[in-house]
Amino acid sequence: MIRSLIRNLKAVYGRVYVRIVGGNRYLHEIFADAFLPLLNLSAYVFVYKAMNAPQDLASFVIIGGVMVTFWLNVLWSMGAQLYWEKEMGNLEVFLLAPISRMAILFGMAIGGMINTSLRALATLILGLYIFNVNFNITNPILVFIIFILTLIALYALGMLFSSLFLLFGREAWHSANLLQEPIYFLSGIYFPIKYFPFWLQVIASLIPLTIGLDAMRKLIIYGHDFIDIQLHFFLLISLSIILLILAKFSLNYMEKIAKKEGRLTLKWI
Amino acid sequence: MDLIKNLKTFKCAFWLGFKIESNWTDPFLFAIYSLIRPLSSLLIIIFVYIVGALSGYSDPNYATYMVLGNAFFIFAAQAIYGSIWMIHDDREHYQIIKYVYVSPSNFYIYYVGRGSFAFLLSSAISSLITIFVGITFLGVKIDFLKIDYLFFILNFLISLIGLVSLSMILASIGFFTTRTMWSLSEGLAGLFFLFCGILFKPEQFPYPLQMFSYMLPLTYWVSLFRNSLLGLRMESLINEFIISLGYTIFLLLFSIIFFKYSLNIAKKKGIIDVILTF
């Protein structure tokens, strides 16, 4: 039991190591990842400026623009990752190793979180500096807790996608592509979702990014406290647990189907 | 003779591009897939507009400005992102680049054809949907009887040739780079989205950035697309038209030269079919 745990922890570390070293190999990539999200979010800040909208909308956009980098990481570097590993011929090596598949996904998630957090922080600082936006944080520890909970729920969703995409061929790429912008819209990356009709707000609330973003904006822009975001807090914890369990079952189930149909190592289709 | 051979290459590459883009699923699912992305982008713009309008802003023409800008940007985004995937897919994913290279077809024409399905058809559908939804739900005002169609088509063709040339320049860089391409495409798309008057007028920028905005070809292409659809005539847009044409000719010639140059570098370094994905 303990030996198995240590082995799996080593696998997690191994996958984190690859992610961090691979992701930080080139300095220009780190700079690009930190700076480029600013271009898109700046466009929306300028739109609001052009419409003489209140200044807090710029803060909305900056927080949304920073969090979107995590969504992109979840989608492309978690969701579609096993598909890429299959195409590159690494998947069979993973499956042959005497470790839990979840250890590989955990490693990918932790590595992705660390890499993206560093870049997101740089984007945030640049955004604040360029647009001279003021935040009104009264409880920084709570902001940090909500941020971590959002990441856990989001990466748990990524792990679920990863297992679902295991079965896919080229649909994996298209599915990831398909999910990108609808989630931008539903999560309210560039605007508050209170303007959605109620039924759409309910649907949007099933996405961890929506809940996390809403809570963080309340805490960071309006200086709210725990009492105002307790529902978000419990929803994020519930979603994290549900999604992690679903990811575990889904991974086992999809692996079985993929083996049965002989699609586990099938490339290029 | 060469023309017929090149047309055949284009046709085959176009067909290949179509197959790669669409044969992973059934036509119904592909149609839904083609609809959801542009609709989501448009919905973001609609809600940003609604939020801005609820703050007291009331310029009915602004929605038209944003929707038409976005409708054109779909082509630009596809040209930028598509070119990156072509080289990467052929070289590292499907590993067929060496076979294409040793075939008697023109390599440049092959890649123009390979990217044209996604660039022309897929983007055109998305763009039309964007305009249709804009007219239906956002009150975008286009007087279809007022449009000088000859001018619009001419403008549109010039900008499409310019965008294809731009995508071929990016594809050329792809011959000797790997992951840098993602940053480059992301950066260029973001740069154009921000600076080229897609969602707001370049006059919103402080002076030096305005200057930068007017140095980018897409600023002219998108402006001509928008203004010609709004019924403005060639006489009133002649300066923009000449600049746009100049940029397109320059980019076309540069893309051909740069493509050959990049290919030579890749051959010299022996990396034309190298697999570097990690």
# chains A, B, ... in the order shown; residues from 1 in each chain; ligands from 1
>>> interface_residues(of="chain B", to="chain A", cutoff="8 Å", atoms="only C-alpha atoms", output="ChimeraX atom specification")
/B:24-25,33,36-37,40-41,43-44,47-48,51-53,55-57,93-94,180,183,186-187,190-191,193-194,199-200,204,278
>>> residues_around(residues="range 227-244 of chain B", least_positions_apart="3", cutoff="8 Å", atoms="only C-alpha atoms", output="JSON, numbers by chain")
{"B": [141, 142, 143, 144, 146, 147, 148, 151, 152, 155, 158, 159, 217, 220, 221, 223, 224, 247, 248]}
>>> atom_distance(atom1="CA of Leu5 in chain A", atom2="CA of Leu243 in chain A")
21.8 Å
>>> select_by_dssp(residues="range 40-251 of chain A", states="helix (DSSP H, G or I)", output="PyMOL selection string")
chain A and resi 40-50+56-79+81-88+91-96+101-131+140-165+171-187+193-195+198-204+208-220+226-251
>>> residues_around(residues="Asp2 in chain B", least_positions_apart="6", cutoff="12 Å", atoms="only C-alpha atoms", output="tab-separated table (two decimals) with N, CA and C atoms, in the first residue's frame")
chain	number	residue	atom	x	y	z
B	8	LYS	N	-4.23	21.96	-60.62
B	8	LYS	CA	-4.46	20.59	-60.17
B	8	LYS	C	-3.94	20.41	-58.74
B	9	THR	N	-2.75	20.96	-58.50
B	9	THR	CA	-2.17	20.89	-57.14
B	9	THR	C	-3.10	21.56	-56.15
B	104	PRO	N	5.94	16.08	-57.62
B	104	PRO	CA	6.22	17.13	-58.61
B	104	PRO	C	5.35	18.39	-58.45
B	105	SER	N	4.54	18.45	-57.39
B	105	SER	CA	3.65	19.61	-57.25
B	105	SER	C	4.42	20.81	-56.67
B	106	ASN	N	3.87	21.99	-56.93
B	106	ASN	CA	4.46	23.23	-56.40
B	106	ASN	C	4.14	23.31	-54.89
B	109	ILE	N	1.98	26.35	-53.79
B	109	ILE	CA	0.58	26.21	-54.19
B	109	ILE	C	-0.11	25.14	-53.34
>>> residues_around(residues="Phe18 in chain B", least_positions_apart="3", cutoff="9 Å", atoms="only C-alpha atoms", output="ChimeraX atom specification")
/B:13-15,21-23,114-118
>>> decode(residues="range 88-107 of chain B", atoms="N, CA and C atoms", output="JSON list (two decimals), in the first residue's frame")
[["chain", "number", "residue", "atom", "x", "y", "z"],
["B", 88, "HIS", "N", 2.71, 22.16, -39.06],
["B", 88, "HIS", "CA", 2.87, 21.29, -37.90],
["B", 88, "HIS", "C", 2.23, 19.92, -38.15],
["B", 89, "ASP", "N", 1.02, 19.95, -38.68],
["B", 89, "ASP", "CA", 0.30, 18.70, -38.96],
["B", 89, "ASP", "C", 1.05, 17.84, -39.96],
["B", 90, "ASP", "N", 1.46, 18.45, -41.06],
["B", 90, "ASP", "CA", 2.12, 17.69, -42.12],
["B", 90, "ASP", "C", 3.48, 17.15, -41.68],
["B", 91, "ARG", "N", 4.20, 17.98, -40.90],
["B", 91, "ARG", "CA", 5.55, 17.59, -40.52],
["B", 91, "ARG", "C", 5.57, 16.64, -39.31],
["B", 92, "GLU", "N", 4.85, 17.04, -38.24],
["B", 92, "GLU", "CA", 5.02, 16.33, -36.99],
["B", 92, "GLU", "C", 3.90, 15.34, -36.68],
["B", 93, "HIS", "N", 2.69, 15.67, -37.14],
["B", 93, "HIS", "CA", 1.57, 14.83, -36.77],
["B", 93, "HIS", "C", 1.37, 13.71, -37.80],
["B", 94, "TYR", "N", 1.08, 14.09, -39.03],
["B", 94, "TYR", "CA", 0.88, 13.06, -40.06],
["B", 94, "TYR", "C", 2.20, 12.63, -40.72],
["B", 95, "GLN", "N", 3.22, 13.42, -40.53],
["B", 95, "GLN", "CA", 4.58, 13.10, -41.02],
["B", 95, "GLN", "C", 4.63, 12.84, -42.53],
["B", 96, "ILE", "N", 3.96, 13.69, -43.30],
["B", 96, "ILE", "CA", 3.91, 13.50, -44.75],
["B", 96, "ILE", "C", 4.66, 14.59, -45.51],
["B", 97, "ILE", "N", 5.26, 15.53, -44.79],
["B", 97, "ILE", "CA", 5.82, 16.70, -45.47],
["B", 97, "ILE", "C", 6.89, 16.28, -46.50],
["B", 98, "LYS", "N", 7.68, 15.28, -46.17],
["B", 98, "LYS", "CA", 8.75, 14.89, -47.09],
["B", 98, "LYS", "C", 8.18, 14.29, -48.38],
["B", 99, "TYR", "N", 7.03, 13.61, -48.25],
["B", 99, "TYR", "CA", 6.42, 13.00, -49.45],
["B", 99, "TYR", "C", 5.83, 14.09, -50.35],
["B", 100, "VAL", "N", 5.25, 15.09, -49.71],
["B", 100, "VAL", "CA", 4.69, 16.20, -50.50],
["B", 100, "VAL", "C", 5.85, 16.93, -51.20],
["B", 101, "TYR", "N", 6.93, 17.09, -50.46],
["B", 101, "TYR", "CA", 8.06, 17.83, -51.01],
["B", 101, "TYR", "C", 8.67, 17.14, -52.23],
["B", 102, "VAL", "N", 8.77, 15.82, -52.18],
["B", 102, "VAL", "CA", 9.39, 15.12, -53.31],
["B", 102, "VAL", "C", 8.42, 14.89, -54.47],
["B", 103, "SER", "N", 7.14, 15.21, -54.27],
["B", 103, "SER", "CA", 6.18, 15.08, -55.38],
["B", 103, "SER", "C", 6.40, 16.24, -56.36],
["B", 104, "PRO", "N", 5.94, 16.08, -57.62],
["B", 104, "PRO", "CA", 6.22, 17.13, -58.61],
["B", 104, "PRO", "C", 5.35, 18.39, -58.45],
["B", 105, "SER", "N", 4.54, 18.45, -57.39],
["B", 105, "SER", "CA", 3.65, 19.61, -57.25],
["B", 105, "SER", "C", 4.42, 20.81, -56.67],
["B", 106, "ASN", "N", 3.87, 21.99, -56.93],
["B", 106, "ASN", "CA", 4.46, 23.23, -56.40],
["B", 106, "ASN", "C", 4.14, 23.31, -54.89],
["B", 107, "PHE", "N", 5.19, 23.37, -54.10],
["B", 107, "PHE", "CA", 5.04, 23.33, -52.64],
["B", 107, "PHE", "C", 4.21, 24.51, -52.13]]
